[in-house]
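Shown here: structure35.csv, CSV, C-alpha atoms and all ligand atoms.
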```csv
chain,number,residue,atom,x,y,z
H,1,MET,CA,-33.7,26.9,2.1
H,2,LEU,CA,-32.4,23.7,0.4
H,3,THR,CA,-31.7,20.7,2.5
H,4,GLU,CA,-28.3,18.9,2.5
H,5,MET,CA,-29.8,16.1,0.5
H,6,GLN,CA,-31.1,18.5,-2.1
H,7,LEU,CA,-27.7,20.2,-2.3
H,8,LEU,CA,-26.0,16.9,-2.9
H,9,GLU,CA,-28.5,15.4,-5.3
H,10,PRO,CA,-26.9,16.7,-8.5
H,11,LEU,CA,-23.6,15.0,-7.5
H,12,GLN,CA,-25.1,11.5,-6.7
H,13,THR,CA,-24.6,10.3,-10.3
H,14,CYS,CA,-21.3,12.0,-11.0
H,15,GLN,CA,-18.6,9.5,-11.9
H,16,ASP,CA,-15.5,9.4,-9.8
H,17,PRO,CA,-12.6,10.0,-12.2
H,18,GLU,CA,-10.5,7.2,-10.8
H,19,LEU,CA,-12.9,4.5,-9.8
H,20,GLY,CA,-15.5,4.9,-12.5
H,21,ARG,CA,-18.4,4.6,-10.2
H,22,SER,CA,-20.8,7.3,-9.0
H,23,PHE,CA,-20.1,9.4,-6.0
H,24,GLY,CA,-23.4,8.2,-4.5
H,25,GLU,CA,-22.5,4.5,-5.0
H,26,LEU,CA,-19.0,5.1,-3.5
H,27,LYS,CA,-20.5,7.0,-0.5
H,28,MET,CA,-18.1,9.9,-1.2
H,29,LEU,CA,-20.7,12.7,-0.5
H,30,ALA,CA,-20.0,13.5,3.1
H,31,GLY,CA,-21.8,16.8,3.5
H,32,ALA,CA,-23.1,20.1,2.1
H,33,SER,CA,-24.2,23.3,3.6
H,34,LEU,CA,-24.9,26.9,2.6
H,35,GLY,CA,-22.7,29.3,4.4
H,36,SER,CA,-22.6,33.1,4.8
H,37,GLY,CA,-22.0,35.0,1.6
H,38,ASN,CA,-24.0,32.5,-0.4
H,39,VAL,CA,-21.1,30.0,-0.3
H,40,LEU,CA,-21.9,26.3,-0.8
H,41,ASN,CA,-19.6,24.1,1.2
H,42,VAL,CA,-19.3,20.5,0.0
H,43,THR,CA,-17.2,17.8,1.7
H,44,ILE,CA,-16.0,14.8,-0.2
H,45,ASP,CA,-14.9,11.6,1.5
H,46,LEU,CA,-12.1,10.1,-0.4
H,47,PRO,CA,-11.4,6.3,-0.3
H,48,THR,CA,-7.8,7.0,0.5
H,49,PRO,CA,-5.6,10.0,1.4
H,50,ALA,CA,-3.4,8.9,-1.4
H,51,TYR,CA,-6.0,9.8,-4.0
H,52,PRO,CA,-4.2,11.4,-7.0
H,53,ARG,CA,-5.0,14.8,-8.5
H,54,ARG,CA,-8.1,15.6,-6.5
H,55,ALA,CA,-8.4,18.9,-8.3
H,56,ARG,CA,-10.3,16.9,-10.9
H,57,ILE,CA,-13.0,16.2,-8.4
H,58,THR,CA,-13.1,19.9,-7.3
H,59,GLU,CA,-13.7,21.0,-10.8
H,60,LEU,CA,-16.4,18.4,-11.4
H,61,VAL,CA,-18.2,19.2,-8.2
H,62,GLN,CA,-18.0,23.0,-8.9
H,63,SER,CA,-19.3,22.8,-12.5
H,64,LYS,CA,-22.1,20.4,-11.6
H,65,LEU,CA,-23.3,22.5,-8.7
H,66,ARG,CA,-23.0,25.9,-10.5
H,67,GLN,CA,-25.2,24.4,-13.2
H,68,ALA,CA,-27.7,23.1,-10.7
H,69,PHE,CA,-27.8,26.2,-8.5
H,70,PRO,CA,-27.0,29.3,-10.6
H,71,ASP,CA,-27.6,31.6,-7.7
H,72,ILE,CA,-24.8,30.3,-5.6
H,73,ALA,CA,-21.8,32.6,-5.4
H,74,THR,CA,-19.1,30.1,-4.7
H,75,VAL,CA,-18.8,26.3,-4.4
H,76,ALA,CA,-16.0,25.4,-1.9
H,77,VAL,CA,-14.9,21.8,-1.9
H,78,SER,CA,-13.1,20.3,1.0
H,79,TYR,CA,-11.8,16.8,1.6
H,80,ILE,CA,-11.7,14.1,4.3
H,81,SER,CA,-10.7,10.6,3.7
H,82,ASN,CA,-11.5,7.2,5.2
H,83,VAL,CA,-9.5,4.3,3.8
H,84,ARG,CA,-11.8,1.6,2.7
H,85,GLY,CA,-10.6,-1.9,3.1
H,86,LYS,CA,-11.3,-5.6,3.2
H,87,MET,CA,-10.5,-5.8,6.9
H,88,SER,CA,-9.4,-9.3,6.0
H,89,GLY,CA,-7.2,-9.8,9.0
H,90,GLY,CA,-10.2,-9.8,11.3
H,91,THR,CA,-10.1,-13.5,11.9
H,92,ILE,CA,-6.6,-13.4,13.4
H,93,GLY,CA,-7.1,-10.1,15.2
H,94,LEU,CA,-5.0,-8.1,12.7
H,95,ARG,CA,-6.6,-4.6,12.3
H,96,ALA,CA,-5.2,-3.7,8.9
H,97,LYS,CA,-7.7,-2.5,6.4
H,98,ASN,CA,-5.6,-3.6,3.5
H,99,VAL,CA,-2.7,-6.0,3.3
H,100,ILE,CA,-0.5,-5.5,0.2
H,101,ALA,CA,2.2,-8.0,-0.7
H,102,VAL,CA,5.2,-6.9,-2.8
H,103,GLY,CA,6.8,-9.6,-4.8
H,104,SER,CA,9.1,-10.4,-7.7
H,105,GLY,CA,10.3,-13.4,-9.7
H,106,LYS,CA,13.9,-13.0,-8.5
H,107,GLY,CA,16.0,-11.0,-6.1
H,108,GLY,CA,17.9,-7.8,-6.8
H,109,VAL,CA,15.2,-6.1,-8.7
H,110,GLY,CA,14.5,-3.6,-6.0
H,111,LYS,CA,11.5,-5.3,-4.3
H,112,SER,CA,12.5,-4.3,-0.8
H,113,THR,CA,13.3,-0.8,-2.0
H,114,ILE,CA,9.8,-0.5,-3.5
H,115,ALA,CA,8.1,-2.1,-0.5
H,116,ALA,CA,9.8,0.3,1.9
H,117,SER,CA,9.1,3.3,-0.3
H,118,LEU,CA,5.5,2.3,-0.7
H,119,ALA,CA,5.2,2.3,3.1
H,120,TYR,CA,6.9,5.7,3.6
H,121,GLY,CA,5.2,7.2,0.6
H,122,LEU,CA,1.7,6.2,1.8
H,123,GLN,CA,2.7,7.5,5.3
H,124,THR,CA,3.8,10.8,3.8
H,125,LEU,CA,0.4,11.0,2.0
H,126,GLY,CA,-1.4,10.7,5.4
H,127,CYS,CA,-2.1,7.0,5.7
H,128,LYS,CA,-1.5,4.7,8.7
H,129,VAL,CA,1.1,2.2,7.6
H,130,GLY,CA,3.0,-0.8,8.8
H,131,LEU,CA,5.9,-2.6,7.0
H,132,MET,CA,6.4,-6.4,7.5
H,133,ASP,CA,9.6,-8.0,6.1
H,134,ALA,CA,8.6,-11.5,5.1
H,135,ASP,CA,11.9,-12.2,3.5
H,136,VAL,CA,13.0,-14.3,6.5
H,137,TYR,CA,16.1,-15.7,4.7
H,138,GLY,CA,17.4,-12.4,3.5
H,139,PRO,CA,15.7,-9.7,5.5
H,140,SER,CA,17.0,-6.3,4.3
H,141,ILE,CA,14.2,-4.0,5.4
H,142,PRO,CA,15.8,-3.1,8.8
H,143,HIS,CA,19.0,-2.1,7.2
H,144,MET,CA,17.2,0.1,4.6
H,145,VAL,CA,15.1,1.9,7.2
H,146,GLY,CA,18.1,2.2,9.5
H,147,SER,CA,16.7,0.4,12.5
H,148,GLN,CA,17.9,-2.3,14.9
H,149,GLY,CA,17.0,-3.7,18.2
H,150,ALA,CA,14.8,-6.4,19.6
H,151,PRO,CA,11.1,-6.0,19.7
H,152,SER,CA,9.8,-6.2,23.3
H,153,ALA,CA,6.9,-8.3,24.4
H,154,VAL,CA,4.1,-6.5,26.0
H,155,LYS,CA,1.4,-8.1,28.2
H,156,HIS,CA,-2.2,-7.2,27.5
H,157,THR,CA,-5.3,-8.0,29.4
H,158,THR,CA,-8.7,-8.5,27.8
H,159,SER,CA,-11.9,-7.1,29.3
H,160,THR,CA,-12.6,-10.6,30.6
H,161,GLY,CA,-9.3,-10.8,32.5
H,162,GLU,CA,-7.4,-13.0,30.1
H,163,THR,CA,-3.8,-12.1,29.4
H,164,PHE,CA,-1.9,-12.4,26.2
H,165,GLU,CA,1.4,-11.1,24.8
H,166,ARG,CA,2.1,-9.0,21.8
H,167,MET,CA,5.4,-8.0,20.2
H,168,GLU,CA,6.0,-4.3,19.8
H,169,PRO,CA,7.0,-3.4,16.2
H,170,ILE,CA,10.2,-1.4,15.9
H,171,ILE,CA,9.5,2.2,14.9
H,172,ALA,CA,11.7,3.6,12.1
H,173,ASP,CA,11.0,7.2,11.1
H,174,GLY,CA,7.5,6.9,12.4
H,175,LEU,CA,6.8,3.6,10.6
H,176,LYS,CA,5.9,0.3,12.4
H,177,VAL,CA,8.3,-2.4,11.2
H,178,MET,CA,8.7,-6.1,11.9
H,179,SER,CA,11.4,-8.3,10.5
H,180,MET,CA,13.2,-11.6,11.2
H,181,ALA,CA,16.4,-9.5,11.3
H,182,TYR,CA,15.4,-8.2,14.7
H,183,PHE,CA,15.7,-11.7,16.1
H,184,VAL,CA,18.9,-13.0,14.6
H,185,LYS,CA,22.5,-11.8,14.6
H,186,PRO,CA,23.4,-9.8,11.4
H,187,ASP,CA,25.5,-12.5,9.8
H,188,GLN,CA,23.5,-15.5,11.0
H,189,ALA,CA,21.8,-17.6,8.3
H,190,VAL,CA,18.2,-18.6,8.9
H,191,ILE,CA,17.7,-22.3,8.0
H,192,TRP,CA,14.2,-23.4,8.3
H,193,ARG,CA,11.8,-26.0,7.1
H,194,GLY,CA,8.5,-25.0,5.6
H,195,PRO,CA,6.3,-25.4,8.7
H,196,MET,CA,8.5,-23.1,10.7
H,197,LEU,CA,8.4,-20.5,8.0
H,198,HIS,CA,4.6,-20.7,8.0
H,199,LYS,CA,4.7,-20.3,11.8
H,200,ALA,CA,7.0,-17.2,11.7
H,201,ILE,CA,4.9,-15.4,9.1
H,202,THR,CA,1.7,-16.2,11.1
H,203,GLN,CA,3.2,-14.8,14.3
H,204,PHE,CA,4.5,-11.7,12.6
H,205,LEU,CA,0.9,-11.0,11.4
H,206,LYS,CA,-0.9,-12.1,14.5
H,207,ASP,CA,1.3,-11.4,17.4
H,208,THR,CA,2.7,-8.0,16.4
H,209,ASP,CA,1.0,-5.0,18.0
H,210,TRP,CA,0.3,-3.3,14.7
H,211,GLY,CA,-2.6,-1.3,16.0
H,212,GLU,CA,-5.0,0.1,13.4
H,213,LEU,CA,-3.5,0.3,10.0
H,214,ASP,CA,-4.8,1.5,6.6
H,215,TYR,CA,-2.1,-0.4,4.8
H,216,LEU,CA,0.2,-3.2,5.9
H,217,ILE,CA,2.9,-3.6,3.3
H,218,ILE,CA,4.6,-7.0,3.1
H,219,ASP,CA,8.0,-7.5,1.5
H,220,LEU,CA,8.0,-11.0,0.2
H,221,PRO,CA,11.0,-13.2,-0.4
H,222,PRO,CA,11.9,-13.5,-4.1
H,223,GLY,CA,10.5,-16.3,-6.3
H,224,THR,CA,8.9,-19.1,-4.4
H,225,GLY,CA,5.3,-19.3,-3.6
H,226,ASP,CA,5.8,-20.5,0.0
H,227,VAL,CA,5.2,-17.3,1.9
H,228,SER,CA,2.5,-16.2,-0.5
H,229,LEU,CA,0.6,-19.4,0.0
H,230,THR,CA,0.8,-18.9,3.8
H,231,LEU,CA,-0.4,-15.3,3.5
H,232,SER,CA,-3.3,-16.3,1.3
H,233,GLN,CA,-4.4,-18.9,3.8
H,234,ILE,CA,-4.5,-16.6,6.8
H,235,VAL,CA,-5.4,-13.2,5.5
H,236,GLY,CA,-7.4,-12.1,2.4
H,237,LEU,CA,-4.9,-9.8,0.8
H,238,ALA,CA,-5.9,-6.6,-0.9
H,239,GLY,CA,-3.5,-7.8,-3.6
H,240,ALA,CA,0.0,-8.1,-4.8
H,241,ILE,CA,2.4,-5.8,-6.6
H,242,VAL,CA,5.0,-7.3,-8.9
H,243,VAL,CA,8.3,-5.5,-9.2
H,244,CYS,CA,10.5,-6.0,-12.2
H,245,THR,CA,13.2,-4.4,-14.3
H,246,PRO,CA,12.6,-3.5,-17.9
H,247,GLN,CA,14.9,-6.0,-19.8
H,248,GLN,CA,13.5,-9.0,-21.5
H,249,VAL,CA,15.2,-11.7,-19.4
H,250,ALA,CA,14.0,-10.2,-16.2
H,251,LEU,CA,10.4,-10.0,-17.5
H,252,LEU,CA,10.4,-13.8,-17.8
H,253,ASP,CA,10.7,-14.0,-14.1
H,254,ALA,CA,8.0,-11.4,-13.6
H,255,ILE,CA,5.6,-13.6,-15.6
H,256,LYS,CA,6.4,-16.5,-13.3
H,257,ALA,CA,5.6,-14.2,-10.3
H,258,VAL,CA,2.3,-13.2,-11.8
H,259,SER,CA,1.4,-16.8,-12.5
H,260,MET,CA,2.3,-17.8,-8.9
H,261,PHE,CA,0.0,-15.1,-7.4
H,262,ARG,CA,-2.8,-16.2,-9.7
H,263,GLN,CA,-2.3,-19.8,-8.5
H,264,VAL,CA,-2.6,-18.9,-4.8
H,265,LYS,CA,-5.6,-16.6,-5.7
H,266,ILE,CA,-4.0,-13.3,-4.6
H,267,PRO,CA,-5.4,-10.4,-6.8
H,268,LEU,CA,-2.8,-8.6,-8.8
H,269,LEU,CA,-2.8,-4.8,-8.1
H,270,GLY,CA,-0.2,-4.1,-10.7
H,271,VAL,CA,3.4,-4.1,-12.0
H,272,VAL,CA,6.1,-1.6,-11.1
H,273,GLU,CA,9.0,-1.1,-13.5
H,274,ASN,CA,12.2,-0.5,-11.4
H,275,MET,CA,15.6,0.7,-12.6
H,276,THR,CA,14.3,2.2,-15.8
H,277,GLY,CA,17.0,4.0,-17.7
H,278,GLU,CA,19.9,3.5,-20.2
H,279,ILE,CA,21.3,0.4,-18.6
H,280,PHE,CA,18.2,-1.9,-18.5
H,281,GLY,CA,16.0,0.0,-20.9
H,282,ARG,CA,12.5,1.4,-20.6
H,283,GLY,CA,8.9,0.3,-21.1
H,284,GLY,CA,9.4,-3.5,-21.0
H,285,ALA,CA,7.4,-3.9,-17.8
H,286,ARG,CA,4.6,-1.6,-19.0
H,287,ARG,CA,4.2,-3.6,-22.2
H,288,LYS,CA,4.3,-6.9,-20.3
H,289,ALA,CA,1.6,-5.6,-17.9
H,290,GLU,CA,-0.6,-4.7,-20.8
H,291,GLU,CA,-0.1,-8.1,-22.3
H,292,LEU,CA,-1.0,-9.8,-19.1
H,293,GLY,CA,-4.0,-7.6,-18.5
H,294,ILE,CA,-2.6,-6.1,-15.2
H,295,PRO,CA,-2.5,-2.5,-14.3
H,296,PHE,CA,0.8,-0.7,-14.7
H,297,LEU,CA,1.6,1.3,-11.6
H,298,GLY,CA,4.6,3.3,-12.8
H,299,GLU,CA,8.3,3.4,-13.3
H,300,LEU,CA,11.1,4.2,-11.0
H,301,PRO,CA,14.3,5.4,-12.9
H,302,ILE,CA,17.7,4.0,-11.8
H,303,ASP,CA,19.3,6.6,-9.6
H,304,SER,CA,22.4,6.2,-7.4
H,305,GLY,CA,20.6,8.3,-4.7
H,306,ILE,CA,18.3,5.4,-4.1
H,307,ARG,CA,21.1,3.0,-3.6
H,308,ILE,CA,23.0,5.4,-1.3
H,309,ARG,CA,20.0,6.2,0.9
H,310,GLY,CA,19.2,2.5,1.1
H,311,ASP,CA,22.7,1.6,2.1
H,312,ASP,CA,22.7,4.3,4.7
H,313,GLY,CA,19.4,3.3,6.2
H,314,ARG,CA,17.8,6.5,5.1
H,315,ILE,CA,15.2,5.3,2.6
H,316,SER,CA,12.5,7.4,4.2
H,317,SER,CA,14.4,10.6,3.3
H,318,LEU,CA,13.4,10.1,-0.4
H,319,PHE,CA,10.2,11.8,0.6
H,320,ASN,CA,11.7,14.6,2.7
H,321,ASP,CA,13.8,16.5,0.2
H,322,ASP,CA,13.9,17.3,-3.5
H,323,ASN,CA,15.3,14.4,-5.4
H,324,PRO,CA,14.5,12.8,-8.8
H,325,SER,CA,12.8,9.7,-7.2
H,326,LYS,CA,10.3,11.5,-5.1
H,327,GLU,CA,7.6,12.2,-7.7
H,328,PRO,CA,7.8,8.8,-9.5
H,329,LEU,CA,7.5,7.1,-6.1
H,330,LEU,CA,4.6,9.1,-4.9
H,331,HIS,CA,2.9,8.4,-8.3
H,332,ILE,CA,3.4,4.6,-7.7
H,333,CYS,CA,2.0,4.9,-4.1
H,334,GLN,CA,-1.1,6.7,-5.4
H,335,GLN,CA,-1.7,4.2,-8.2
H,336,ALA,CA,-1.3,1.3,-5.8
H,337,ALA,CA,-3.8,2.9,-3.4
H,338,ILE,CA,-6.3,3.4,-6.2
H,339,GLN,CA,-5.9,-0.2,-7.4
H,340,VAL,CA,-6.6,-1.4,-3.8
H,341,ALA,CA,-9.8,0.7,-3.8
H,342,LYS,CA,-10.8,-0.7,-7.2
H,343,GLN,CA,-10.2,-4.3,-6.1
H,344,LEU,CA,-12.6,-3.6,-3.2
H,345,LEU,CA,-15.4,-2.9,-5.6
H,346,HIS,CA,-15.2,-6.5,-6.7
H,347,ALA,CA,-14.5,-8.1,-3.3
H,348,PRO,CA,-16.5,-6.7,-0.4
H,349,GLN,CA,-15.4,-6.2,3.1
H,350,MET,CA,-15.2,-9.2,5.4
H,351,PRO,CA,-16.7,-9.3,8.9
H,352,GLN,CA,-14.3,-8.5,11.7
H,353,LEU,CA,-13.9,-11.0,14.5
H,354,GLU,CA,-11.8,-10.5,17.5
H,355,ILE,CA,-9.6,-13.6,18.1
H,356,LEU,CA,-6.5,-13.2,20.2
Y,1,LIG,N1,15.7,2.5,-8.9
Y,1,LIG,C1,16.9,2.2,-8.3
Y,1,LIG,N2,18.0,2.9,-8.6
Y,1,LIG,C2,19.2,2.6,-8.1
Y,1,LIG,N3,19.4,1.6,-7.2
Y,1,LIG,C3,18.3,0.8,-6.9
Y,1,LIG,C4,17.0,1.1,-7.4
Y,1,LIG,N4,16.2,0.2,-6.9
Y,1,LIG,C5,16.9,-0.6,-6.1
Y,1,LIG,N5,18.2,-0.2,-6.1
Y,1,LIG,C6,19.3,-0.8,-5.4
Y,1,LIG,O1,19.4,-2.2,-5.9
Y,1,LIG,C7,19.8,-3.1,-4.8
Y,1,LIG,C8,18.8,-4.2,-4.7
Y,1,LIG,O2,17.6,-3.7,-4.3
Y,1,LIG,P1,16.6,-4.4,-3.3
Y,1,LIG,O3,15.5,-3.5,-3.0
Y,1,LIG,O4,17.4,-4.9,-2.1
Y,1,LIG,O5,16.2,-5.6,-4.2
Y,1,LIG,P2,15.4,-7.0,-3.8
Y,1,LIG,O6,14.6,-6.8,-2.6
Y,1,LIG,O7,14.5,-7.2,-5.0
Y,1,LIG,O8,16.4,-8.0,-3.7
Y,1,LIG,C9,19.9,-2.2,-3.6
Y,1,LIG,O9,21.3,-1.9,-3.4
Y,1,LIG,C10,19.1,-1.0,-3.9
Y,1,LIG,O10,19.5,0.1,-3.2
Y,2,MG,MG,14.8,-7.8,-0.7
```

Using C-alpha cells, write down the structure from this file.
Ligand SMILES: Nc1ncnc2c1ncn2[C@@H]1O[C@H](COP(=O)(O)OP(=O)(O)O)[C@@H](O)[C@H]1O
Ligand SMILES: [Mg+2]
Amino acid sequence: MLTEMQLLEPLQTCQDPELGRSFGELKMLAGASLGSGNVLNVTIDLPTPAYPRRARITELVQSKLRQAFPDIATVAVSYISNVRGKMSGGTIGLRAKNVIAVGSGKGGVGKSTIAASLAYGLQTLGCKVGLMDADVYGPSIPHMVGSQGAPSAVKHTTSTGETFERMEPIIADGLKVMSMAYFVKPDQAVIWRGPMLHKAITQFLKDTDWGELDYLIIDLPPGTGDVSLTLSQIVGLAGAIVVCTPQQVALLDAIKAVSMFRQVKIPLLGVVENMTGEIFGRGGARRKAEELGIPFLGELPIDSGIRIRGDDGRISSLFNDDNPSKEPLLHICQQAAIQVAKQLLHAPQMPQLEIL
C-alpha cells in the first residue's frame, strides 16, 4: 500500500500552468488516497477560486500519475482553494488578504465600472470580497450597485474588556461596500484638504467592519496620487490595476497613472482595456502594456448594456444572466487574481498584528 507522500511524489515537481512554479513549492498538493475500485483521489489546493481553466491541471495530474502508477484504474482530481495573500492590513486590523486598487489617468474611462465588476466577478467565482469607494469627491459606486443608506456604528468589546466602534459596511447584492456617498447628501460637494482626505481613507480601511476578505477592491479617484500615496503608507497593496480606453490620447493618461503607481511603490498587476470597439478602437492598451512591461488583463467591449445596468444600480446582474460582457469580465477577474498570486511569489506575506 502506497503512502500519501508516495502517491503525491510524482507531482511535486510538476509546473503550475499559470504561476510557473512547481506544485510542491506552491503547496498545492493537499492530499491523495487510494479509494475502492482502484481509484486514486487527488486534491489540489488552488491559490484562488478564480483560477482559470483548471482542466489543464486535471490533465497534467492525470497523465503524470497514470505514468507513475500504471495499475491505477482512474485518477480523480478534486479542488479546494485557499486564497493566498500578503495580509498587509494586519497592522491596522484590516483582515483582507489582498488589497487591490483600481486606478486610471482620468475619469470617464470606466474605472468604477471595472472596480465594481471585479468585486462582483470575484464574488461570483467564490471569493470573499469587499468594495471600497475611495473616490471621495465623485463617489459613484453606491449608485452603480444600487445601494443607499447610512452605515451604522456597532460597539465591540475585546477579550480584555475594552470597547471600540466599527462601521457596518452596506451590503449590496451580497457585497460589502463602503463609500463617502453614504455620508453626504446626493448633490452635496465634498470639499476637503489633503489631511482630511488621508483621514477619511484611513478610517474606511481601519474602522469598517470588513470581516475576513480574500480581496478588498478599492476604486481610486482619477489622476492624482493623493489617495494612492495614503494607501501605500497604511497597507501593503497586492497591487494596482490601470483602466484605460484604446485610443492614443487616452493612453497618454494611462502612462501617467502607471508612472504614479511606480513612484508610490505600488506593484502593477496589469492593464484593462475598456470600451473596446468601433468607436475607440482596439488593442491600444494591450500594446501599451507590452511596451511598459506590464501584464495585460483583458478587454471589455463597449456595450450599452453595461451603461444601462450601471445607471440602474444593477451592475451585479452582469454576472447573473447571459450577456456579451459576462465572459470578458470573468476573464479579467481571473487574470487579476492570478497576477495577485504571482506578485506574492516576489513579496512574501507580512505578519499579522491585531491593533484596534
Ligand atoms: N464597456 C463599457 N461599455 C459601455 N459603457 C461603459 C463601459 N464601461 C463604462 N461604461 C459607462 O461609462 C460611464 C463612465 O464609467 P465609470 O465607470 O463611471 O468611469 P470612471 O469611474 O472612470 O469615471 C458610465 O456611464 C458607465 O456605465
Ligand atoms: Mg468613477

| said: I need the residue nearest Asp226 in chain H from this list: H:Arg314, H:His198, H:Lys111, H:Arg95. Use only C-alpha atoms for the distance. | reply: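 Ranking H:Arg314, H:His198, H:Lys111, H:Arg95 by distance to Asp226 in chain H, first place goes to H:His198.
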
| request: Could you please extract the residues within 9 Å of ligand LIG 1 (chain Y), counting only C-alpha atoms and all ligand atoms, and hand them back as JSON, numbers by chain? | output: {"H": [103, 104, 105, 106, 107, 108, 109, 110, 111, 112, 113, 114, 115, 116, 135, 138, 139, 140, 141, 144, 219, 220, 221, 222, 243, 244, 273, 274, 275, 276, 299, 300, 301, 302, 303, 304, 305, 306, 307, 308, 309, 310, 311, 315, 325]}

Could the residues in this selection be saved with C-alpha atoms as a CSV table (one decimal), in the frame of the given file?
```
chain,number,residue,atom,x,y,z
H,103,GLY,CA,6.8,-9.6,-4.8
H,104,SER,CA,9.1,-10.4,-7.7
H,105,GLY,CA,10.3,-13.4,-9.7
H,106,LYS,CA,13.9,-13.0,-8.5
H,107,GLY,CA,16.0,-11.0,-6.1
H,108,GLY,CA,17.9,-7.8,-6.8
H,109,VAL,CA,15.2,-6.1,-8.7
H,110,GLY,CA,14.5,-3.6,-6.0
H,111,LYS,CA,11.5,-5.3,-4.3
H,112,SER,CA,12.5,-4.3,-0.8
H,113,THR,CA,13.3,-0.8,-2.0
H,114,ILE,CA,9.8,-0.5,-3.5
H,115,ALA,CA,8.1,-2.1,-0.5
H,116,ALA,CA,9.8,0.3,1.9
H,135,ASP,CA,11.9,-12.2,3.5
H,138,GLY,CA,17.4,-12.4,3.5
H,139,PRO,CA,15.7,-9.7,5.5
H,140,SER,CA,17.0,-6.3,4.3
H,141,ILE,CA,14.2,-4.0,5.4
H,144,MET,CA,17.2,0.1,4.6
H,219,ASP,CA,8.0,-7.5,1.5
H,220,LEU,CA,8.0,-11.0,0.2
H,221,PRO,CA,11.0,-13.2,-0.4
H,222,PRO,CA,11.9,-13.5,-4.1
H,243,VAL,CA,8.3,-5.5,-9.2
H,244,CYS,CA,10.5,-6.0,-12.2
H,273,GLU,CA,9.0,-1.1,-13.5
H,274,ASN,CA,12.2,-0.5,-11.4
H,275,MET,CA,15.6,0.7,-12.6
H,276,THR,CA,14.3,2.2,-15.8
H,299,GLU,CA,8.3,3.4,-13.3
H,300,LEU,CA,11.1,4.2,-11.0
H,301,PRO,CA,14.3,5.4,-12.9
H,302,ILE,CA,17.7,4.0,-11.8
H,303,ASP,CA,19.3,6.6,-9.6
H,304,SER,CA,22.4,6.2,-7.4
H,305,GLY,CA,20.6,8.3,-4.7
H,306,ILE,CA,18.3,5.4,-4.1
H,307,ARG,CA,21.1,3.0,-3.6
H,308,ILE,CA,23.0,5.4,-1.3
H,309,ARG,CA,20.0,6.2,0.9
H,310,GLY,CA,19.2,2.5,1.1
H,311,ASP,CA,22.7,1.6,2.1
H,315,ILE,CA,15.2,5.3,2.6
H,325,SER,CA,12.8,9.7,-7.2
```

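For Gly89 in chain H, the set of protein, DNA and RNA residues having any atom at most 8 Å away, when counting only C-alpha atoms and skipping those fewer than 5 positions along the same chain, is Leu94, Arg95, Ala96, Lys97, Ile234, Val235, Gly236 and Gln352 of chain H.
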
| request: For each of H:Asp71, H:Asp321, H:Glu18, H:Glu168, take the minimum atom-to-atom distance to Leu34 in chain H, counting all atoms listed in the file, then give the residue where this is smallest. | output: H:Asp71

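Here CA of Leu7 in chain H stands at a distance of 28.2 Å from CA of Leu344 in chain H.
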
| said: Please compute the CA of Trp210 in chain H-CA of Leu131 in chain H distance, one decimal, in Å. | reply: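 It comes out at 9.5 Å.
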
| message | What does the structure give for the distance between CA of Phe204 in chain H and CA of Gly161 in chain H, in Å to one decimal? | response |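 One can read the CA of Phe204 in chain H to CA of Gly161 in chain H distance as 24.2 Å.
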
| query | Taking only C-alpha atoms into account, which of H:Gln67, H:Gln339, H:Thr3, H:Ser152 comes nearest Glu165 in chain H? | reply |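 Comparing H:Gln67, H:Gln339, H:Thr3, H:Ser152 against Glu165 in chain H, the winner is H:Ser152.
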
| query | Taking into account all atoms listed in the file, which residue in the set H:Gly126, H:Gly223, H:Gly174, H:Pro169 is nearest to ligand MG 2 (chain Y)? | reply |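 Looking only at the distances to ligand MG 2 (chain Y), the closest residue turns out to be H:Gly223.
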
| request: List every protein, DNA or RNA residue that has at least one atom no more than 8 Å from (-2.5, -4.3, 3.1) in the file's coordinates, counting only C-alpha atoms, and write the result as a PyMOL selection string. | output: chain H and resi 96-101+214-218+237-239

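Nearest to Leu11 in chain H of all the residues H:Ser232, H:Gln123, H:Ser78, H:Gln62 is H:Gln62, counting only C-alpha atoms.
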
| message | (5.9, -8.4, -21.4) in this file's frame - what residues fall within 10 Å of it? Use all atoms listed in the file and give the answer as a ChimeraX atom specification. | response | /H:246-248,250-252,254-255,283-292

| field | Test item: residues at most 9 Å from Ala32 in chain H, all atoms listed in the file, excluding those fewer than 4 positions along its chain, as a ChimeraX atom specification | value | /H:3-5,7-8,40-43

Based on the selection just made, write C-alpha atoms of those residues as a PDB file, in the frame of the given file.
```pdb
ATOM      1  CA  THR H   3     -31.700  20.700   2.500  1.00  0.00           C
ATOM      2  CA  GLU H   4     -28.300  18.900   2.500  1.00  0.00           C
ATOM      3  CA  MET H   5     -29.800  16.100   0.500  1.00  0.00           C
ATOM      4  CA  LEU H   7     -27.700  20.200  -2.300  1.00  0.00           C
ATOM      5  CA  LEU H   8     -26.000  16.900  -2.900  1.00  0.00           C
ATOM      6  CA  LEU H  40     -21.900  26.300  -0.800  1.00  0.00           C
ATOM      7  CA  ASN H  41     -19.600  24.100   1.200  1.00  0.00           C
ATOM      8  CA  VAL H  42     -19.300  20.500   0.000  1.00  0.00           C
ATOM      9  CA  THR H  43     -17.200  17.800   1.700  1.00  0.00           C
TER      10      THR H  43
END
```

| Nearest to Asp312 in chain H among H:Leu268, H:Val145, H:Leu2, H:Val227, with distances taken over all atoms listed in the file: which residue is it? | H:Val145

| request: Fewer than 4 positions away in the same chain doesn't count, so skip those; otherwise give me all residues within 12 Å of Tyr79 in chain H, counting only C-alpha atoms, as an MDAnalysis selection string. | output: chainID H and resid 28:32 41:51 54:55 57:58 61

| said: Neighbouring residues of Ile170 in chain H were defined as those with any atom within 8 Å, considering all atoms listed in the file; residues of the same chain fewer than 6 positions away were excluded. Please report them as number ranges by chain. | reply: H: 147-151, 176-178
